[in-house]
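To be precise, the following lines are coords-v7.pdb, and they hold PDB, C-alpha atoms, pLDDT in the B column.
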ATOM      1  CA  MET A   3      -6.776   1.717 -17.885  1.00 72.00           C
ATOM      2  CA  VAL A   4      -7.829   2.362 -21.458  1.00 75.00           C
ATOM      3  CA  LYS A   5      -6.345  -0.858 -22.855  1.00 74.00           C
ATOM      4  CA  LYS A   6      -6.782  -3.220 -19.897  1.00 69.00           C
ATOM      5  CA  LEU A   7     -10.036  -1.974 -18.348  1.00 72.00           C
ATOM      6  CA  ASP A   8     -11.737  -0.578 -21.462  1.00 72.00           C
ATOM      7  CA  ILE A   9     -12.244   2.831 -19.855  1.00 79.00           C
ATOM      8  CA  GLU A  10     -12.751   5.796 -22.149  1.00 84.00           C
ATOM      9  CA  GLU A  11      -9.477   7.715 -22.409  1.00 86.00           C
ATOM     10  CA  SER A  12     -11.124  11.068 -21.711  1.00 88.00           C
ATOM     11  CA  LYS A  13     -12.391   9.741 -18.346  1.00 86.00           C
ATOM     12  CA  VAL A  14      -9.196   8.095 -17.067  1.00 86.00           C
ATOM     13  CA  LEU A  15      -7.630  11.138 -15.389  1.00 89.00           C
ATOM     14  CA  GLU A  16     -10.843  12.091 -13.604  1.00 89.00           C
ATOM     15  CA  MET A  17     -11.387   8.489 -12.512  1.00 86.00           C
ATOM     16  CA  CYS A  18      -7.817   8.181 -11.206  1.00 85.00           C
ATOM     17  CA  VAL A  19      -8.121  11.382  -9.189  1.00 86.00           C
ATOM     18  CA  GLN A  20     -11.517  10.380  -7.771  1.00 85.00           C
ATOM     19  CA  LEU A  21     -10.366   6.857  -6.845  1.00 82.00           C
ATOM     20  CA  TYR A  22      -7.258   8.325  -5.199  1.00 79.00           C
ATOM     21  CA  LYS A  23      -9.360  10.774  -3.174  1.00 80.00           C
ATOM     22  CA  ASP A  24     -11.944   8.165  -2.209  1.00 78.00           C
ATOM     23  CA  TYR A  25      -9.703   5.175  -1.495  1.00 75.00           C
ATOM     24  CA  GLY A  26      -6.167   6.436  -0.823  1.00 71.00           C
ATOM     25  CA  THR A  27      -4.707   5.054  -4.054  1.00 73.00           C
ATOM     26  CA  THR A  28      -6.089   4.502  -7.520  1.00 79.00           C
ATOM     27  CA  MET A  29      -5.246   0.794  -7.262  1.00 73.00           C
ATOM     28  CA  ALA A  30      -7.086   0.417  -3.938  1.00 72.00           C
ATOM     29  CA  GLY A  31     -10.107   2.088  -5.514  1.00 75.00           C
ATOM     30  CA  LEU A  32      -9.952  -0.205  -8.529  1.00 77.00           C
ATOM     31  CA  ARG A  33      -9.759  -3.223  -6.211  1.00 71.00           C
ATOM     32  CA  VAL A  34     -12.792  -2.037  -4.247  1.00 69.00           C
ATOM     33  CA  ILE A  35     -14.868  -1.546  -7.374  1.00 67.00           C
ATOM     34  CA  GLY A  36     -13.866  -4.961  -8.692  1.00 64.00           C
ATOM     35  CA  PHE A  37     -10.622  -4.650 -10.642  1.00 68.00           C
ATOM     36  CA  VAL A  38      -7.351  -6.278  -9.558  1.00 61.00           C
ATOM     37  CA  HIS A  39      -3.710  -6.090 -10.645  1.00 57.00           C
ATOM     38  CA  GLY A  40      -3.502  -7.125 -14.257  1.00 60.00           C
ATOM     39  CA  ARG A  41      -0.419  -8.202 -16.093  1.00 64.00           C
ATOM     40  CA  LEU A  42       2.405  -5.998 -14.851  1.00 73.00           C
ATOM     41  CA  PRO A  43       5.888  -5.969 -16.422  1.00 82.00           C
ATOM     42  CA  TYR A  44       7.462  -8.109 -13.691  1.00 88.00           C
ATOM     43  CA  GLU A  45      10.073  -9.332 -16.169  1.00 90.00           C
ATOM     44  CA  TYR A  46      11.954  -6.059 -15.649  1.00 92.00           C
ATOM     45  CA  LEU A  47      12.541  -6.884 -11.987  1.00 94.00           C
ATOM     46  CA  LYS A  48      15.797  -8.753 -11.420  1.00 96.00           C
ATOM     47  CA  PRO A  49      17.420 -10.159  -8.285  1.00 97.00           C
ATOM     48  CA  ASP A  50      19.291  -7.506  -6.327  1.00 96.00           C
ATOM     49  CA  PRO A  51      21.992  -9.229  -4.262  1.00 97.00           C
ATOM     50  CA  VAL A  52      23.379  -5.924  -2.976  1.00 97.00           C
ATOM     51  CA  LEU A  53      20.003  -4.865  -1.580  1.00 97.00           C
ATOM     52  CA  LYS A  54      19.466  -8.359  -0.172  1.00 98.00           C
ATOM     53  CA  SER A  55      22.820  -8.247   1.588  1.00 98.00           C
ATOM     54  CA  LEU A  56      22.109  -4.767   2.953  1.00 97.00           C
ATOM     55  CA  LEU A  57      18.670  -5.755   4.263  1.00 97.00           C
ATOM     56  CA  ASN A  58      20.004  -8.944   5.840  1.00 97.00           C
ATOM     57  CA  SER A  59      22.839  -7.027   7.516  1.00 97.00           C
ATOM     58  CA  LEU A  60      20.405  -4.802   9.418  1.00 95.00           C
ATOM     59  CA  PRO A  61      19.865  -6.320  12.880  1.00 95.00           C
ATOM     60  CA  ILE A  62      16.296  -5.044  13.114  1.00 95.00           C
ATOM     61  CA  ARG A  63      12.837  -6.353  12.373  1.00 95.00           C
ATOM     62  CA  LYS A  64      11.640  -5.393   8.891  1.00 97.00           C
ATOM     63  CA  VAL A  65       7.954  -5.221   7.893  1.00 97.00           C
ATOM     64  CA  ILE A  66       6.444  -4.357   4.528  1.00 97.00           C
ATOM     65  CA  PHE A  67       3.314  -2.192   4.667  1.00 96.00           C
ATOM     66  CA  SER A  68       1.774  -2.020   1.191  1.00 93.00           C
ATOM     67  CA  ASN A  69      -1.539  -1.060  -0.371  1.00 87.00           C
ATOM     68  CA  ALA A  70      -0.887  -3.756  -2.983  1.00 86.00           C
ATOM     69  CA  ASN A  71      -2.371  -7.219  -2.799  1.00 84.00           C
ATOM     70  CA  GLU A  72      -0.513 -10.241  -1.378  1.00 89.00           C
ATOM     71  CA  ALA A  73       0.160 -11.781  -4.780  1.00 88.00           C
ATOM     72  CA  HIS A  74       1.773  -8.597  -6.094  1.00 88.00           C
ATOM     73  CA  VAL A  75       3.971  -8.161  -3.032  1.00 93.00           C
ATOM     74  CA  ALA A  76       5.059 -11.818  -3.187  1.00 94.00           C
ATOM     75  CA  GLU A  77       5.796 -11.578  -6.921  1.00 93.00           C
ATOM     76  CA  VAL A  78       7.909  -8.440  -6.526  1.00 94.00           C
ATOM     77  CA  LEU A  79       9.833  -9.827  -3.547  1.00 97.00           C
ATOM     78  CA  GLY A  80      10.393 -13.106  -5.370  1.00 97.00           C
ATOM     79  CA  ARG A  81      11.642 -11.412  -8.530  1.00 96.00           C
ATOM     80  CA  LEU A  82      14.008  -9.215  -6.508  1.00 97.00           C
ATOM     81  CA  GLY A  83      15.208 -12.197  -4.471  1.00 97.00           C
ATOM     82  CA  LEU A  84      14.120 -10.510  -1.238  1.00 97.00           C
ATOM     83  CA  GLY A  85      11.435 -12.913  -0.017  1.00 94.00           C
ATOM     84  CA  ASP A  86      13.376 -13.918   3.087  1.00 95.00           C
ATOM     85  CA  CYS A  87      14.474 -10.381   4.038  1.00 97.00           C
ATOM     86  CA  PHE A  88      11.263  -9.338   5.764  1.00 97.00           C
ATOM     87  CA  ASP A  89       9.642 -10.565   8.953  1.00 96.00           C
ATOM     88  CA  ASP A  90       6.077  -9.670   8.041  1.00 95.00           C
ATOM     89  CA  VAL A  91       3.967  -8.274   5.197  1.00 96.00           C
ATOM     90  CA  ILE A  92       0.880  -6.174   5.784  1.00 96.00           C
ATOM     91  CA  CYS A  93      -1.048  -5.598   2.581  1.00 92.00           C
ATOM     92  CA  PHE A  94      -4.504  -4.783   1.267  1.00 85.00           C
ATOM     93  CA  GLU A  95      -5.971  -8.173   2.227  1.00 87.00           C
ATOM     94  CA  SER A  96      -4.373  -8.023   5.680  1.00 89.00           C
ATOM     95  CA  LEU A  97      -6.183  -4.784   6.448  1.00 89.00           C
ATOM     96  CA  ASN A  98      -9.423  -5.442   4.558  1.00 83.00           C
ATOM     97  CA  SER A  99     -11.448  -8.621   4.634  1.00 72.00           C
ATOM     98  CA  LYS A 100     -13.420  -9.602   1.530  1.00 57.00           C
ATOM     99  CA  THR A 101     -16.634  -8.752   3.407  1.00 44.00           C
ATOM    100  CA  GLN A 102     -15.415  -5.227   4.114  1.00 51.00           C
ATOM    101  CA  THR A 103     -14.310  -4.530   0.535  1.00 45.00           C
ATOM    102  CA  ALA A 104     -17.601  -5.832  -0.876  1.00 44.00           C
ATOM    103  CA  ASN A 105     -19.759  -3.670   1.406  1.00 43.00           C
ATOM    104  CA  THR A 106     -17.937  -0.349   1.526  1.00 43.00           C
ATOM    105  CA  SER A 107     -18.133   3.027  -0.069  1.00 40.00           C
ATOM    106  CA  LYS A 108     -14.984   5.043   0.664  1.00 44.00           C
ATOM    107  CA  CYS A 109     -11.562   4.870   2.293  1.00 46.00           C
ATOM    108  CA  ASP A 110     -10.585   7.274   5.055  1.00 45.00           C
ATOM    109  CA  ASN A 111      -7.719   8.766   3.078  1.00 46.00           C
ATOM    110  CA  GLU A 112      -7.251  12.056   4.880  1.00 44.00           C
ATOM    111  CA  PRO A 113      -4.605  12.520   7.563  1.00 44.00           C
ATOM    112  CA  VAL A 114      -5.557  12.179  11.224  1.00 41.00           C
ATOM    113  CA  GLY A 115      -9.160  12.745  12.056  1.00 40.00           C
ATOM    114  CA  LEU A 116     -10.351  14.896   9.151  1.00 39.00           C
ATOM    115  CA  LEU A 117     -12.903  12.292   8.057  1.00 37.00           C
ATOM    116  CA  PRO A 118     -14.745   9.589   9.988  1.00 34.00           C
ATOM    117  CA  LYS A 119     -13.216   6.115  10.055  1.00 39.00           C
ATOM    118  CA  SER A 120     -14.339   3.953   7.136  1.00 48.00           C
ATOM    119  CA  LEU A 121     -14.457   0.277   6.321  1.00 62.00           C
ATOM    120  CA  ILE A 122     -11.571   0.304   3.833  1.00 76.00           C
ATOM    121  CA  ALA A 123      -8.117   0.710   5.327  1.00 84.00           C
ATOM    122  CA  CYS A 124      -5.298   1.826   3.066  1.00 85.00           C
ATOM    123  CA  LYS A 125      -2.400   4.205   3.295  1.00 90.00           C
ATOM    124  CA  PRO A 126      -2.464   7.154   3.819  1.00 89.00           C
ATOM    125  CA  SER A 127      -5.315   6.747   6.298  1.00 90.00           C
ATOM    126  CA  GLU A 128      -4.384   6.976   9.956  1.00 93.00           C
ATOM    127  CA  ASN A 129      -6.672   4.015  10.593  1.00 92.00           C
ATOM    128  CA  ALA A 130      -4.590   1.833   8.246  1.00 93.00           C
ATOM    129  CA  PHE A 131      -1.413   2.793  10.093  1.00 96.00           C
ATOM    130  CA  GLN A 132      -2.982   2.073  13.480  1.00 96.00           C
ATOM    131  CA  GLN A 133      -4.190  -1.340  12.270  1.00 94.00           C
ATOM    132  CA  ALA A 134      -0.740  -2.124  10.874  1.00 96.00           C
ATOM    133  CA  PHE A 135       0.894  -1.203  14.203  1.00 97.00           C
ATOM    134  CA  LYS A 136      -1.392  -3.636  16.022  1.00 96.00           C
ATOM    135  CA  MET A 137      -1.035  -6.436  13.475  1.00 95.00           C
ATOM    136  CA  ALA A 138       2.767  -6.234  13.397  1.00 96.00           C
ATOM    137  CA  ASN A 139       3.131  -5.361  17.090  1.00 96.00           C
ATOM    138  CA  ILE A 140       4.949  -2.140  16.222  1.00 95.00           C
ATOM    139  CA  ASN A 141       5.659   0.798  18.494  1.00 97.00           C
ATOM    140  CA  PRO A 142       5.540   3.745  16.072  1.00 97.00           C
ATOM    141  CA  HIS A 143       7.846   5.804  18.292  1.00 97.00           C
ATOM    142  CA  LYS A 144      10.585   3.194  17.801  1.00 96.00           C
ATOM    143  CA  THR A 145      10.038   2.591  14.078  1.00 96.00           C
ATOM    144  CA  LEU A 146      11.618   3.989  10.913  1.00 95.00           C
ATOM    145  CA  PHE A 147       9.204   4.305   7.952  1.00 97.00           C
ATOM    146  CA  PHE A 148      10.229   4.486   4.278  1.00 95.00           C
ATOM    147  CA  ASP A 149       7.729   5.334   1.542  1.00 95.00           C
ATOM    148  CA  ASN A 150       7.560   6.937  -1.898  1.00 92.00           C
ATOM    149  CA  SER A 151       4.371   8.945  -1.262  1.00 91.00           C
ATOM    150  CA  ILE A 152       4.391  12.298   0.498  1.00 94.00           C
ATOM    151  CA  HIS A 153       0.812  11.649   1.684  1.00 91.00           C
ATOM    152  CA  ASN A 154       1.860   8.400   3.363  1.00 94.00           C
ATOM    153  CA  ILE A 155       4.885  10.084   4.927  1.00 96.00           C
ATOM    154  CA  GLN A 156       2.750  12.930   6.290  1.00 97.00           C
ATOM    155  CA  THR A 157       0.355  10.513   8.000  1.00 96.00           C
ATOM    156  CA  ALA A 158       3.269   8.380   9.211  1.00 97.00           C
ATOM    157  CA  LYS A 159       4.803  11.414  10.932  1.00 97.00           C
ATOM    158  CA  LEU A 160       1.461  12.266  12.525  1.00 97.00           C
ATOM    159  CA  THR A 161       1.227   8.733  13.954  1.00 97.00           C
ATOM    160  CA  GLY A 162       4.646   8.993  15.581  1.00 97.00           C
ATOM    161  CA  LEU A 163       6.804   7.197  13.024  1.00 97.00           C
ATOM    162  CA  THR A 164      10.244   8.492  12.091  1.00 97.00           C
ATOM    163  CA  THR A 165      10.145   8.933   8.333  1.00 96.00           C
ATOM    164  CA  VAL A 166      12.580   8.881   5.426  1.00 88.00           C
TER     165      VAL A 166
END
For this file, produce the structure as structure tokens.
Amino acid sequence: MVKKLDIEESKVLEMCVQLYKDYGTTMAGLRVIGFVHGRLPYEYLKPDPVLKSLLNSLPIRKVIFSNANEAHVAEVLGRLGLGDCFDDVICFESLNSKTQTANTSKCDNEPVGLLPKSLIACKPSENAFQQAFKMANINPHKTLFFDNSIHNIQTAKLTGLTTV
């Protein structure tokens, strides 16, 4: 954030924490206030034929639910060679129209009903999960959810998903 966004180093930690609290993730907050993914080190991502084979061997529908933007998700999947392994992708743009992100203040990032619904939908908000279920036609009680964030897993459990 210091190098790419020209933010004073002493303010980065506070800004990250505040954006996370307000928008669910620091990146979602940066997107809302006008920043987008910059140059990420995609060159480190290499095709993973073992993972591709494993994913393709699973006789179930697979959906990606990400707070990242479409371009980032597509780039990562392409670099990993996994573009054809998923049936659907739900991402920041899927859940949030440009009109919503331009006219909003905060994301409902607290689990189940602690804050009013807001215009920005991003994990870990319950609203984002509910929207994703509708968009992907998912029954949460028959769905397995993988994530790397304890906050997302907590909300997922509260919405009826089986979590890993």
Practice task
With a distance cut-off of 8 Å and all atoms listed in the file, select the neighbouring residues of range 76-87 of chain A, excluding the residue or stretch itself and same-chain residues fewer than 5 positions from it, and output the selection as number ranges by chain.
Solution key: A: 44, 47-51, 54, 57-58, 64
Evaluating the PyMOL selection byres ((chain A and resi 166) around 12) on the displayed file yields which residues, as a compact mmCIF listing (two decimals) with C-alpha atoms, keeping the file's coordinate frame?
# COMPACT_ATOMS: atom_id res chain seq x y z
CA THR A 145 10.04 2.59 14.08
CA LEU A 146 11.62 3.99 10.91
CA PHE A 147 9.20 4.30 7.95
CA PHE A 148 10.23 4.49 4.28
CA ASP A 149 7.73 5.33 1.54
CA ASN A 150 7.56 6.94 -1.90
CA SER A 151 4.37 8.94 -1.26
CA ILE A 152 4.39 12.30 0.50
CA ASN A 154 1.86 8.40 3.36
CA ILE A 155 4.88 10.08 4.93
CA GLN A 156 2.75 12.93 6.29
CA ALA A 158 3.27 8.38 9.21
CA LYS A 159 4.80 11.41 10.93
CA LEU A 163 6.80 7.20 13.02
CA THR A 164 10.24 8.49 12.09
CA THR A 165 10.14 8.93 8.33
Practice task
For the structure provided, state which residues fall under the PyMOL selection byres ((chain A and resi 131) around 10), and present them as a list in words.
Solution key: Phe67, Leu97, Ala123, Cys124, Lys125, Pro126, Ser127, Glu128, Asn129, Ala130, Gln132, Gln133, Ala134, Phe135, Lys136, Met137, Pro142, Asn154, Thr157, Ala158, Thr161 and Leu163 of chain A
Problem - CA of Tyr46 in chain A to CA of Asp90 in chain A, straight-line distance in Å - result: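 According to the coordinates, CA of Asp90 in chain A and CA of Tyr46 in chain A are separated by 24.7 Å.
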Exercise for the section: Take the point (7.0, -5.5, 12.3) as written in the file and pick out every residue within 7 Å of it, counting all atoms listed in the file; give the list as a ChimeraX atom specification. Expected result: /A:63-65,89-90,138-140
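Take CA of Ala73 in chain A and CA of His153 in chain A: the distance between them is 24.3 Å.
Note that CA of Ile92 in chain A and CA of Ser68 in chain A are 6.3 Å apart.
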Exercise for the section: Identify, on the basis of only C-alpha atoms, every residue whose closest approach to Tyr22 in chain A does not exceed 9 Å; exclude the query and any residue fewer than 6 positions from it along the same chain; express the result as a ChimeraX atom specification. Expected result: /A:28-31,111
Write a file of the selected residues as a short mmCIF file (atom, residue, chain, number, x, y, z; two decimals), keeping the file's coordinate frame, keeping C-alpha atoms.
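Once everything was written out, this is result.cif:
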data_model
loop_
_atom_site.label_atom_id
_atom_site.label_comp_id
_atom_site.auth_asym_id
_atom_site.auth_seq_id
_atom_site.Cartn_x
_atom_site.Cartn_y
_atom_site.Cartn_z
CA THR A 28 -6.09 4.50 -7.52
CA MET A 29 -5.25 0.79 -7.26
CA ALA A 30 -7.09 0.42 -3.94
CA GLY A 31 -10.11 2.09 -5.51
CA ASN A 111 -7.72 8.77 3.08
#
Exercise for the section: Determine the nearest neighbour of Ile122 in chain A from the options A:Thr27, A:Ser55, A:Asn98, A:Asn71, counting all atoms listed in the file. Expected result: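 When distances to Ile122 in chain A are compared using all atoms listed in the file, the smallest one comes from A:Asn98.
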Centre and edges of the range 66-77 of chain A box, axis-aligned, 4 Å extra per side, as AutoDock Vina command-line options:
--center_x 2.0 --center_y -6.4 --center_z -1.1 --size_x 16.8 --size_y 18.8 --size_z 19.6
